[in-house]
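Here's the structure we're looking at; comments come further down.
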Amino acid sequence: MDLSLSTRTVGDRTVVEVGGEIDVYTAPKLREQLVELVNDGSYHLVVDMEGVDFLDSTGLGVLVGGLKRVRAHEGSLRLVCNQERILKIFRITGLTKVFPIHTSVEDAVAATD
Amino acid sequence: MATVELRFSALPEHVRTARLVAAAVARRAGVDEAVLDEVRLAVGEACTRAVGLHLSNGVDAPVRVALTEEEKKFSIEVGDESPTSAGHTPGSHPDVDDEGAAEAESEDEMGLAVISGLVDDVEVTTSETGGVIRMSWPASPQSLVP
């Protein structure tokens with residue numbers, strides 16, 4: 001698969017570092033990871049997209065699904081992304097208003113709103 | 001006018017194949033490097049939608065992608081053979097529960113929303129025998145003389 005995933009905890013947050021391409025073929029792997037984390041009781045997630053080369057609407061759907069799941073537990077899902085070509089799809093779909101998007105993991109982990 | 005045509009079985013892993021081929025042909029046709037990301041994303045969305053339609057409607061035929069280089073234009077056509085008939089929503093499947101069907105439909109809409117937000121020249125048509133998404137970008141082919 002062209003998608004790499006690794007997780008680590010920083011305080012009460014879980015950082016999911018994603019690398020490669022998130023599309024219809026690889027997105028299920030990310031979905032599984034997010035579902036697993038929530039099932040294990042991790043409700044404050046930070047998804048680090050800095051290593052992502054490609055993201056399409058299937059990937060967006062998985063992120064939205066993840067957001068819904070954590071919110072059901074009063075949790076949060078924040079993104080880290082500085083790449084304009086990835087931010088573009090969030091802008092086109094209006095999802096920049098839905099996801100808190102940070103410029104660094106440090107920022108995302110410290111945010112409390 | 002030069003065309004490259006690709007047909008692939010409705011498998012999610014081949015959407016990436018289609019993206020790579022489209023980007024390669026677009027680059028050669030003189031589509032601006034900065035626009036290639038858009039081409040990749042747009043063709044990816046169109047192919048993902050076609051694959052989804054074939055899978056949920058049990059269509060065995062492959063998805064078709066035609067990449068055409070014209071004088072000042074590069075166009076892509078993604079064709080599916082999924083039936084659309086009165087009372088039948090493309091992509092809906094009798095075995096998929098309401099939540100699944102709603103999710104699949106909204107993903108389909110999101111894919112089309114991304115394409116229309118991204119590409120100026122887009123046309124989506126559907127019929128009883130299948131549908132086509134046509135998209136095009138301006139292109140300025142490089143001179144062969146260095």
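Labels for the structure tokens follow display order: chains A, B, ..., residues from 1 in each chain, ligands from 1.
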Could you pull out all residues of chain A with a DSSP call of helix (DSSP H, G or I) and give them as a tab-separated table (two decimals) with N, CA and C atoms, in the first residue's frame?
```
chain	number	residue	atom	x	y	z
A	27	ALA	N	-7.39	4.92	1.61
A	27	ALA	CA	-8.17	5.57	2.68
A	27	ALA	C	-8.74	4.60	3.72
A	28	PRO	N	-9.19	3.40	3.31
A	28	PRO	CA	-9.71	2.47	4.32
A	28	PRO	C	-8.70	2.16	5.43
A	29	LYS	N	-7.41	2.16	5.08
A	29	LYS	CA	-6.38	1.87	6.09
A	29	LYS	C	-6.37	2.99	7.15
A	30	LEU	N	-6.51	4.23	6.67
A	30	LEU	CA	-6.56	5.35	7.61
A	30	LEU	C	-7.82	5.30	8.45
A	31	ARG	N	-8.93	4.95	7.81
A	31	ARG	CA	-10.21	4.84	8.53
A	31	ARG	C	-10.09	3.82	9.67
A	32	GLU	N	-9.50	2.65	9.33
A	32	GLU	CA	-9.31	1.58	10.32
A	32	GLU	C	-8.50	2.08	11.51
A	33	GLN	N	-7.44	2.83	11.22
A	33	GLN	CA	-6.56	3.34	12.27
A	33	GLN	C	-7.33	4.29	13.17
A	34	LEU	N	-8.12	5.20	12.59
A	34	LEU	CA	-8.86	6.16	13.39
A	34	LEU	C	-9.93	5.45	14.23
A	35	VAL	N	-10.60	4.47	13.63
A	35	VAL	CA	-11.63	3.71	14.37
A	35	VAL	C	-11.00	3.00	15.56
A	36	GLU	N	-9.84	2.37	15.30
A	36	GLU	CA	-9.13	1.64	16.35
A	36	GLU	C	-8.76	2.57	17.51
A	37	LEU	N	-8.25	3.76	17.17
A	37	LEU	CA	-7.85	4.70	18.21
A	37	LEU	C	-9.05	5.11	19.07
A	38	VAL	N	-10.15	5.39	18.43
A	38	VAL	CA	-11.33	5.80	19.19
A	38	VAL	C	-11.84	4.63	20.05
A	39	ASN	N	-11.84	3.43	19.47
A	39	ASN	CA	-12.26	2.25	20.24
A	39	ASN	C	-11.37	2.02	21.45
A	57	SER	N	-11.27	13.27	-2.23
A	57	SER	CA	-12.51	13.36	-1.43
A	57	SER	C	-12.74	12.10	-0.60
A	58	THR	N	-12.20	10.96	-1.03
A	58	THR	CA	-12.35	9.75	-0.20
A	58	THR	C	-11.61	9.96	1.11
A	59	GLY	N	-10.41	10.54	1.02
A	59	GLY	CA	-9.63	10.84	2.21
A	59	GLY	C	-10.34	11.84	3.09
A	60	LEU	N	-10.93	12.86	2.47
A	60	LEU	CA	-11.68	13.85	3.24
A	60	LEU	C	-12.82	13.16	3.98
A	61	GLY	N	-13.49	12.25	3.29
A	61	GLY	CA	-14.60	11.52	3.92
A	61	GLY	C	-14.15	10.75	5.15
A	62	VAL	N	-12.97	10.15	5.08
A	62	VAL	CA	-12.44	9.41	6.23
A	62	VAL	C	-12.14	10.36	7.39
A	63	LEU	N	-11.58	11.52	7.06
A	63	LEU	CA	-11.28	12.50	8.12
A	63	LEU	C	-12.56	13.02	8.75
A	64	VAL	N	-13.57	13.27	7.92
A	64	VAL	CA	-14.87	13.73	8.45
A	64	VAL	C	-15.47	12.64	9.35
A	65	GLY	N	-15.36	11.40	8.90
A	65	GLY	CA	-15.84	10.28	9.72
A	65	GLY	C	-15.13	10.21	11.06
A	66	GLY	N	-13.82	10.44	11.02
A	66	GLY	CA	-13.03	10.43	12.25
A	66	GLY	C	-13.46	11.54	13.19
A	67	LEU	N	-13.73	12.71	12.60
A	67	LEU	CA	-14.16	13.86	13.40
A	67	LEU	C	-15.49	13.56	14.08
A	68	LYS	N	-16.40	12.96	13.35
A	68	LYS	CA	-17.70	12.62	13.92
A	68	LYS	C	-17.54	11.64	15.08
A	69	ARG	N	-16.67	10.66	14.89
A	69	ARG	CA	-16.48	9.64	15.94
A	69	ARG	C	-15.92	10.24	17.21
A	70	VAL	N	-14.90	11.10	17.09
A	70	VAL	CA	-14.32	11.65	18.32
A	70	VAL	C	-15.28	12.62	18.98
A	71	ARG	N	-16.05	13.33	18.16
A	71	ARG	CA	-17.00	14.29	18.73
A	71	ARG	C	-18.08	13.60	19.55
A	84	GLU	N	0.13	23.69	0.36
A	84	GLU	CA	-0.96	24.34	-0.34
A	84	GLU	C	-1.75	23.36	-1.21
A	85	ARG	N	-1.06	22.42	-1.84
A	85	ARG	CA	-1.76	21.52	-2.75
A	85	ARG	C	-2.70	20.59	-2.00
A	86	ILE	N	-2.44	20.34	-0.71
A	86	ILE	CA	-3.34	19.53	0.11
A	86	ILE	C	-4.43	20.42	0.69
A	87	LEU	N	-4.05	21.63	1.12
A	87	LEU	CA	-5.02	22.57	1.69
A	87	LEU	C	-6.08	22.93	0.67
A	88	LYS	N	-5.70	22.91	-0.59
A	88	LYS	CA	-6.61	23.29	-1.66
A	88	LYS	C	-7.93	22.53	-1.63
A	89	ILE	N	-7.85	21.23	-1.43
A	89	ILE	CA	-9.08	20.44	-1.45
A	89	ILE	C	-9.94	20.74	-0.22
A	90	PHE	N	-9.32	21.11	0.89
A	90	PHE	CA	-10.11	21.54	2.06
A	90	PHE	C	-10.82	22.85	1.75
A	91	ARG	N	-10.13	23.75	1.06
A	91	ARG	CA	-10.73	25.04	0.71
A	91	ARG	C	-11.91	24.86	-0.25
A	92	ILE	N	-11.68	24.07	-1.30
A	92	ILE	CA	-12.73	23.88	-2.31
A	92	ILE	C	-14.00	23.33	-1.69
A	93	THR	N	-13.86	22.43	-0.74
A	93	THR	CA	-15.03	21.79	-0.15
A	93	THR	C	-15.55	22.53	1.08
A	95	LEU	N	-14.15	22.65	3.88
A	95	LEU	CA	-13.83	21.93	5.11
A	95	LEU	C	-12.78	22.63	5.98
A	96	THR	N	-12.22	23.74	5.47
A	96	THR	CA	-11.31	24.52	6.31
A	96	THR	C	-12.09	25.13	7.47
A	97	LYS	N	-13.42	25.18	7.31
A	97	LYS	CA	-14.24	25.74	8.40
A	97	LYS	C	-14.62	24.66	9.41
A	105	VAL	N	2.80	20.23	14.64
A	105	VAL	CA	2.25	19.29	15.62
A	105	VAL	C	2.26	19.94	17.01
A	106	GLU	N	3.31	20.68	17.29
A	106	GLU	CA	3.42	21.36	18.61
A	106	GLU	C	2.20	22.25	18.86
A	107	ASP	N	1.87	23.03	17.85
A	107	ASP	CA	0.69	23.91	17.90
A	107	ASP	C	-0.59	23.12	18.13
A	108	ALA	N	-0.75	22.07	17.35
A	108	ALA	CA	-1.97	21.27	17.40
A	108	ALA	C	-2.14	20.62	18.77
A	109	VAL	N	-1.05	20.12	19.30
A	109	VAL	CA	-1.08	19.41	20.57
A	109	VAL	C	-1.39	20.38	21.71
A	110	ALA	N	-0.95	21.63	21.56
A	110	ALA	CA	-1.17	22.62	22.63
A	110	ALA	C	-2.54	23.29	22.57
```
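Every residue of chain B that lies within 6 Å of chain A is listed here, counting only C-alpha atoms: B:Pro12, B:Glu13, B:Gly111, B:Gly117.
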Can I get the selection written as a PDB file, in the first residue's frame, with N, CA and C atoms?
```pdb
ATOM      1  N   PRO B  12     -10.179  -0.192  -7.022  1.00  0.00           N
ATOM      2  CA  PRO B  12      -9.637   1.032  -6.417  1.00  0.00           C
ATOM      3  C   PRO B  12      -8.143   1.233  -6.655  1.00  0.00           C
ATOM      4  N   GLU B  13      -7.377   0.151  -6.693  1.00  0.00           N
ATOM      5  CA  GLU B  13      -5.932   0.331  -6.885  1.00  0.00           C
ATOM      6  C   GLU B  13      -5.573   0.936  -8.233  1.00  0.00           C
ATOM      7  N   GLY B 111     -17.156  14.243  -4.431  1.00  0.00           N
ATOM      8  CA  GLY B 111     -16.243  14.051  -5.559  1.00  0.00           C
ATOM      9  C   GLY B 111     -16.573  14.996  -6.697  1.00  0.00           C
ATOM     10  N   GLY B 117     -15.217  22.450  -8.514  1.00  0.00           N
ATOM     11  CA  GLY B 117     -14.508  23.559  -7.877  1.00  0.00           C
ATOM     12  C   GLY B 117     -13.109  23.721  -8.457  1.00  0.00           C
TER      13      GLY B 117
END
```
Neighbours of Asp80 (chain B) within 6 Å (only C-alpha atoms; same-chain residues fewer than 2 positions away dropped), as a compact mmCIF listing (two decimals) with C-alpha atoms, in the first residue's frame?
```
# COMPACT_ATOMS: atom_id res chain seq x y z
CA ALA B 50 -16.76 5.60 -11.97
CA VAL B 63 -13.85 2.08 -16.71
CA SER B 82 -23.35 2.30 -14.89
CA GLY B 130 -23.57 4.93 -18.64
CA GLY B 131 -22.10 8.34 -18.01
```
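One finds CA of Ala10 (chain B) at 6.7 Å from CA of Leu55 (chain B).
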Long-range neighbours of Val15 (chain A) as JSON, numbers by chain, 6 Å cut-off, only C-alpha atoms, 4 positions minimum in chain: {"A": [7, 8, 9, 45, 46, 47]}
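Of the listed residues (B:Asn57, B:Ala23, B:Gly30, B:Thr129), B:Gly30 comes nearest to Glu71 (chain B); the distances count only C-alpha atoms.
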